>>> print(open('upload.pdb').read())   # PDB, C-alpha atoms and all ligand atoms
ATOM      1  CA  MET A  83     -18.955 -20.597 -41.048  1.00  0.00           C
ATOM      2  CA  SER A  84     -17.776 -17.280 -39.740  1.00  0.00           C
ATOM      3  CA  THR A  85     -15.739 -16.747 -36.679  1.00  0.00           C
ATOM      4  CA  GLU A  86     -16.124 -13.476 -34.902  1.00  0.00           C
ATOM      5  CA  HIS A  87     -13.057 -12.217 -33.179  1.00  0.00           C
ATOM      6  CA  ARG A  88     -13.590  -9.525 -30.660  1.00  0.00           C
ATOM      7  CA  VAL A  89     -10.740  -7.324 -29.724  1.00  0.00           C
ATOM      8  CA  PRO A  90     -10.999  -6.407 -26.084  1.00  0.00           C
ATOM      9  CA  SER A  91     -11.226  -2.709 -25.550  1.00  0.00           C
ATOM     10  CA  VAL A  92      -7.974  -1.365 -24.327  1.00  0.00           C
ATOM     11  CA  THR A  93      -8.149   1.453 -21.896  1.00  0.00           C
ATOM     12  CA  THR A  94      -5.208   3.085 -20.345  1.00  0.00           C
ATOM     13  CA  PRO A  95      -5.738   3.119 -16.619  1.00  0.00           C
ATOM     14  CA  GLU A  96      -4.816   6.134 -14.615  1.00  0.00           C
ATOM     15  CA  PRO A  97      -1.412   5.717 -13.040  1.00  0.00           C
ATOM     16  CA  ARG A  98      -1.783   4.607  -9.454  1.00  0.00           C
ATOM     17  CA  ARG A  99      -0.452   7.218  -7.054  1.00  0.00           C
ATOM     18  CA  VAL A 100       1.953   6.180  -4.303  1.00  0.00           C
ATOM     19  CA  VAL A 101       2.912   8.811  -1.748  1.00  0.00           C
ATOM     20  CA  LEU A 102       5.924   8.136   0.463  1.00  0.00           C
ATOM     21  CA  VAL A 103       5.555   9.701   3.899  1.00  0.00           C
ATOM     22  CA  ASP A 104       8.766  10.786   5.593  1.00  0.00           C
ATOM     23  CA  SER A 105       9.561   8.205   8.300  1.00  0.00           C
ATOM     24  CA  GLY A 106       6.115   6.698   7.742  1.00  0.00           C
ATOM     25  CA  PRO A 107       4.093   4.535   5.424  1.00  0.00           C
ATOM     26  CA  ALA A 108       3.598   4.506   1.676  1.00  0.00           C
ATOM     27  CA  LEU A 109       0.096   5.740   0.858  1.00  0.00           C
ATOM     28  CA  ILE A 110      -1.427   4.038  -2.166  1.00  0.00           C
ATOM     29  CA  ASP A 111      -4.728   4.951  -3.772  1.00  0.00           C
ATOM     30  CA  GLY A 112      -6.988   1.931  -3.416  1.00  0.00           C
ATOM     31  CA  PRO A 113      -8.406  -0.479  -4.065  1.00  0.00           C
ATOM     32  CA  VAL A 114      -5.324  -2.690  -4.207  1.00  0.00           C
ATOM     33  CA  ASP A 115      -4.462  -6.360  -3.896  1.00  0.00           C
ATOM     34  CA  LEU A 116      -1.364  -6.881  -1.767  1.00  0.00           C
ATOM     35  CA  VAL A 117       0.597 -10.037  -2.459  1.00  0.00           C
ATOM     36  CA  THR A 118       2.665 -11.045   0.558  1.00  0.00           C
ATOM     37  CA  PRO A 119       5.949 -12.980   0.399  1.00  0.00           C
ATOM     38  CA  ASP A 120       4.110 -16.239   1.137  1.00  0.00           C
ATOM     39  CA  GLY A 121       1.862 -15.640  -1.870  1.00  0.00           C
ATOM     40  CA  SER A 122      -1.321 -14.822  -0.019  1.00  0.00           C
ATOM     41  CA  VAL A 123      -3.382 -11.939  -1.355  1.00  0.00           C
ATOM     42  CA  LEU A 124      -4.804  -9.234   0.864  1.00  0.00           C
ATOM     43  CA  HIS A 125      -7.553  -7.275  -0.868  1.00  0.00           C
ATOM     44  CA  CYS A 126      -7.874  -3.699   0.393  1.00  0.00           C
ATOM     45  CA  ASP A 127     -10.795  -1.731  -0.984  1.00  0.00           C
ATOM     46  CA  ARG A 128     -10.175   1.470   0.938  1.00  0.00           C
ATOM     47  CA  PHE A 129      -9.846   4.803  -0.817  1.00  0.00           C
ATOM     48  CA  ARG A 130      -6.264   5.005   0.429  1.00  0.00           C
ATOM     49  CA  VAL A 131      -4.125   2.196   1.806  1.00  0.00           C
ATOM     50  CA  ALA A 132      -1.137   2.789   4.119  1.00  0.00           C
ATOM     51  CA  LEU A 133       1.646   0.261   3.627  1.00  0.00           C
ATOM     52  CA  CYS A 134       4.088  -0.112   6.493  1.00  0.00           C
ATOM     53  CA  LEU A 135       7.682   0.592   5.514  1.00  0.00           C
ATOM     54  CA  CYS A 136       9.163   0.478   9.043  1.00  0.00           C
ATOM     55  CA  LYS A 137       8.104  -3.162   9.653  1.00  0.00           C
ATOM     56  CA  ARG A 138       6.984  -2.370  13.210  1.00  0.00           C
ATOM     57  CA  SER A 139       3.279  -2.651  12.501  1.00  0.00           C
ATOM     58  CA  SER A 140       1.295  -5.326  14.311  1.00  0.00           C
ATOM     59  CA  ILE A 141      -0.863  -5.606  11.176  1.00  0.00           C
ATOM     60  CA  TYR A 142       2.047  -5.664   8.692  1.00  0.00           C
ATOM     61  CA  PRO A 143       2.029  -5.099   5.708  1.00  0.00           C
ATOM     62  CA  LEU A 144      -0.514  -2.428   6.655  1.00  0.00           C
ATOM     63  CA  CYS A 145       0.505   0.544   8.791  1.00  0.00           C
ATOM     64  CA  ASP A 146      -0.901   0.723  12.336  1.00  0.00           C
ATOM     65  CA  THR A 147       0.883   4.051  13.086  1.00  0.00           C
ATOM     66  CA  SER A 148       3.565   2.355  15.204  1.00  0.00           C
ATOM     67  CA  HIS A 149       6.100   4.420  13.256  1.00  0.00           C
ATOM     68  CA  ARG A 150       4.866   7.482  15.175  1.00  0.00           C
ATOM     69  CA  LEU A 151       5.982   5.982  18.489  1.00  0.00           C
ATOM     70  CA  ARG A 152       9.466   5.452  17.093  1.00  0.00           C
ATOM     71  CA  ARG A 153       9.605   9.069  15.925  1.00  0.00           C
ATOM     72  CA  ARG A 154       8.524  10.346  19.394  1.00  0.00           C
ATOM     73  CA  ARG A 155      11.246   8.239  21.050  1.00  0.00           C
ATOM     74  CA  GLU A 156      13.874   9.604  18.681  1.00  0.00           C
ATOM     75  CA  GLN A 157      12.741  13.165  19.423  1.00  0.00           C
ATOM     76  CA  ALA A 158      12.840  12.506  23.178  1.00  0.00           C
ATOM     77  CA  ASP A 159      16.336  11.035  22.927  1.00  0.00           C
ATOM     78  CA  SER A 160      17.639  14.066  21.047  1.00  0.00           C
ATOM     79  CA  ALA A 161      16.108  16.576  23.531  1.00  0.00           C
TER      80      ALA A 161
HETATM   81  S1  LIG A 201       5.064   2.735   8.614  1.00  0.00           S
HETATM   82 FE1  LIG A 201       3.487   2.961  10.030  1.00  0.00          FE
HETATM   83  S2  LIG A 201       3.722   1.293  11.351  1.00  0.00           S
HETATM   84 FE2  LIG A 201       5.302   1.060   9.919  1.00  0.00          FE
END
>>> encode(input="upload.pdb", output="structure tokens")
Amino acid sequence: MSTEHRVPSVTTPEPRRVVLVDSGPALIDGPVDLVTPDGSVLHCDRFRVALCLCKRSSIYPLCDTSHRLRRRREQADSA
């Protein structure tokens, strides 16, 4: 009796690129699975996924561009 052992092919995946936007989101090349603190998994199959870093998004952990409003207010306050 022979037992065939197959070694799974090992490929080195391309490093996933994460771009941090000044005062904005982190842009991650998709697709990605986001695991939230409660353990749920959010599958995002977009080409690029924007993760909210300001925690003001109504669709957190995804960015809804609410960070832009904050930036406009800060600019108005300094003018
Ligand atoms: S980073 Fe865009 S809404 Fe938070």
>>> residues_near_ligand(input="upload.pdb", ligand="ligand LIG 201 (chain A)", cutoff="8 Å", atoms="all atoms listed in the file", output="list in words")
Ser105, Gly106, Pro107, Ala108, Ala132, Leu133, Cys134, Leu135, Cys136, Lys137, Arg138, Ser139, Ser140, Tyr142, Leu144, Cys145, Asp146, Thr147, Ser148, His149 and Arg150 of chain A
>>> write_last_selection(input="upload.pdb", atoms="C-alpha atoms", output="PDB file, keeping the file's coordinate frame")
ATOM      1  CA  SER A 105       9.561   8.205   8.300  1.00  0.00           C
ATOM      2  CA  GLY A 106       6.115   6.698   7.742  1.00  0.00           C
ATOM      3  CA  PRO A 107       4.093   4.535   5.424  1.00  0.00           C
ATOM      4  CA  ALA A 108       3.598   4.506   1.676  1.00  0.00           C
ATOM      5  CA  ALA A 132      -1.137   2.789   4.119  1.00  0.00           C
ATOM      6  CA  LEU A 133       1.646   0.261   3.627  1.00  0.00           C
ATOM      7  CA  CYS A 134       4.088  -0.112   6.493  1.00  0.00           C
ATOM      8  CA  LEU A 135       7.682   0.592   5.514  1.00  0.00           C
ATOM      9  CA  CYS A 136       9.163   0.478   9.043  1.00  0.00           C
ATOM     10  CA  LYS A 137       8.104  -3.162   9.653  1.00  0.00           C
ATOM     11  CA  ARG A 138       6.984  -2.370  13.210  1.00  0.00           C
ATOM     12  CA  SER A 139       3.279  -2.651  12.501  1.00  0.00           C
ATOM     13  CA  SER A 140       1.295  -5.326  14.311  1.00  0.00           C
ATOM     14  CA  TYR A 142       2.047  -5.664   8.692  1.00  0.00           C
ATOM     15  CA  LEU A 144      -0.514  -2.428   6.655  1.00  0.00           C
ATOM     16  CA  CYS A 145       0.505   0.544   8.791  1.00  0.00           C
ATOM     17  CA  ASP A 146      -0.901   0.723  12.336  1.00  0.00           C
ATOM     18  CA  THR A 147       0.883   4.051  13.086  1.00  0.00           C
ATOM     19  CA  SER A 148       3.565   2.355  15.204  1.00  0.00           C
ATOM     20  CA  HIS A 149       6.100   4.420  13.256  1.00  0.00           C
ATOM     21  CA  ARG A 150       4.866   7.482  15.175  1.00  0.00           C
TER      22      ARG A 150
END
>>> atom_distance(input="upload.pdb", atom1="atom CA of A:Pro143", atom2="atom CA of A:Thr118")
7.9 Å
>>> resolve_selection(input="upload.pdb", expression="the PyMOL selection byres (((chain A and resi 113) around 6) and not hetatm)", output="list in words")
Gly112, Val114, Cys126, Asp127 and Arg128 of chain A
>>> write_last_selection(input="upload.pdb", atoms="C-alpha atoms", output="PDB file, keeping the file's coordinate frame")
ATOM      1  CA  GLY A 112      -6.988   1.931  -3.416  1.00  0.00           C
ATOM      2  CA  VAL A 114      -5.324  -2.690  -4.207  1.00  0.00           C
ATOM      3  CA  CYS A 126      -7.874  -3.699   0.393  1.00  0.00           C
ATOM      4  CA  ASP A 127     -10.795  -1.731  -0.984  1.00  0.00           C
ATOM      5  CA  ARG A 128     -10.175   1.470   0.938  1.00  0.00           C
TER       6      ARG A 128
END
>>> axis_aligned_box(input="upload.pdb", around="stretch 114-124 of chain A", padding_each_side="3 Å", output="lines of an AutoDock Vina configuration file")
center_x = 0.3
center_y = -9.5
center_z = -1.5
size_x = 17.3
size_y = 19.5
size_z = 11.3
>>> closest_residue(input="upload.pdb", among="A:Ile110, A:Ala158, A:Val123, A:Leu116", to="A:Pro97", atoms="only C-alpha atoms")
A:Ile110
>>> closest_residue(input="upload.pdb", among="A:Val92, A:Ile141, A:Leu151, A:Leu109", to="A:Phe129", atoms="all atoms listed in the file")
A:Leu109
>>> build_atoms(input="upload.pdb", residues="stretch 116-145 of chain A", atoms="N, CA and C atoms", output="tab-separated table (two decimals), in the frame of the given file")
chain	number	residue	atom	x	y	z
A	116	LEU	N	-2.74	-6.75	-2.24
A	116	LEU	CA	-1.36	-6.88	-1.77
A	116	LEU	C	-0.99	-8.35	-1.78
A	117	VAL	N	0.11	-8.66	-2.43
A	117	VAL	CA	0.60	-10.04	-2.46
A	117	VAL	C	1.77	-10.11	-1.50
A	118	THR	N	1.63	-10.93	-0.47
A	118	THR	CA	2.66	-11.04	0.56
A	118	THR	C	3.74	-12.04	0.11
A	119	PRO	N	4.88	-12.06	0.80
A	119	PRO	CA	5.95	-12.98	0.40
A	119	PRO	C	5.53	-14.45	0.36
A	120	ASP	N	4.54	-14.83	1.17
A	120	ASP	CA	4.11	-16.24	1.14
A	120	ASP	C	3.07	-16.50	0.05
A	121	GLY	N	2.76	-15.46	-0.74
A	121	GLY	CA	1.86	-15.64	-1.87
A	121	GLY	C	0.40	-15.37	-1.57
A	122	SER	N	0.08	-15.11	-0.32
A	122	SER	CA	-1.32	-14.82	-0.02
A	122	SER	C	-1.66	-13.41	-0.51
A	123	VAL	N	-2.93	-13.21	-0.81
A	123	VAL	CA	-3.38	-11.94	-1.36
A	123	VAL	C	-4.31	-11.27	-0.35
A	124	LEU	N	-4.00	-10.02	-0.06
A	124	LEU	CA	-4.80	-9.23	0.86
A	124	LEU	C	-5.49	-8.15	0.05
A	125	HIS	N	-6.81	-8.26	-0.09
A	125	HIS	CA	-7.55	-7.28	-0.87
A	125	HIS	C	-7.93	-6.10	0.03
A	126	CYS	N	-7.56	-4.91	-0.37
A	126	CYS	CA	-7.87	-3.70	0.39
A	126	CYS	C	-8.70	-2.80	-0.52
A	127	ASP	N	-9.94	-2.54	-0.13
A	127	ASP	CA	-10.80	-1.73	-0.98
A	127	ASP	C	-10.99	-0.32	-0.45
A	128	ARG	N	-10.10	0.11	0.42
A	128	ARG	CA	-10.18	1.47	0.94
A	128	ARG	C	-9.78	2.48	-0.13
A	129	PHE	N	-10.20	3.72	0.08
A	129	PHE	CA	-9.85	4.80	-0.82
A	129	PHE	C	-8.34	5.00	-0.83
A	130	ARG	N	-7.71	4.87	0.32
A	130	ARG	CA	-6.26	5.00	0.43
A	130	ARG	C	-5.76	3.95	1.40
A	131	VAL	N	-4.68	3.28	1.01
A	131	VAL	CA	-4.12	2.20	1.81
A	131	VAL	C	-2.73	2.61	2.27
A	132	ALA	N	-2.45	2.44	3.56
A	132	ALA	CA	-1.14	2.79	4.12
A	132	ALA	C	-0.32	1.52	4.29
A	133	LEU	N	0.76	1.42	3.53
A	133	LEU	CA	1.65	0.26	3.63
A	133	LEU	C	2.79	0.57	4.57
A	134	CYS	N	3.03	-0.31	5.51
A	134	CYS	CA	4.09	-0.11	6.49
A	134	CYS	C	5.45	-0.29	5.83
A	135	LEU	N	6.31	0.69	6.02
A	135	LEU	CA	7.68	0.59	5.51
A	135	LEU	C	8.68	0.39	6.66
A	136	CYS	N	8.23	0.61	7.91
A	136	CYS	CA	9.16	0.48	9.04
A	136	CYS	C	9.19	-0.94	9.60
A	137	LYS	N	8.23	-1.77	9.22
A	137	LYS	CA	8.10	-3.16	9.65
A	137	LYS	C	7.89	-3.30	11.16
A	138	ARG	N	7.32	-2.29	11.79
A	138	ARG	CA	6.98	-2.37	13.21
A	138	ARG	C	5.49	-2.56	13.44
A	139	SER	N	4.73	-2.57	12.37
A	139	SER	CA	3.28	-2.65	12.50
A	139	SER	C	2.84	-4.04	12.97
A	140	SER	N	1.85	-4.05	13.86
A	140	SER	CA	1.30	-5.33	14.31
A	140	SER	C	0.35	-5.91	13.26
A	141	ILE	N	0.00	-5.11	12.25
A	141	ILE	CA	-0.86	-5.61	11.18
A	141	ILE	C	-0.13	-5.55	9.84
A	142	TYR	N	1.22	-5.69	9.89
A	142	TYR	CA	2.05	-5.66	8.69
A	142	TYR	C	1.47	-6.59	7.63
A	143	PRO	N	1.37	-6.21	6.39
A	143	PRO	CA	2.03	-5.10	5.71
A	143	PRO	C	1.29	-3.77	5.77
A	144	LEU	N	0.20	-3.70	6.53
A	144	LEU	CA	-0.51	-2.43	6.66
A	144	LEU	C	0.04	-1.64	7.83
A	145	CYS	N	0.00	-0.34	7.74
A	145	CYS	CA	0.50	0.54	8.79
A	145	CYS	C	-0.51	0.63	9.93
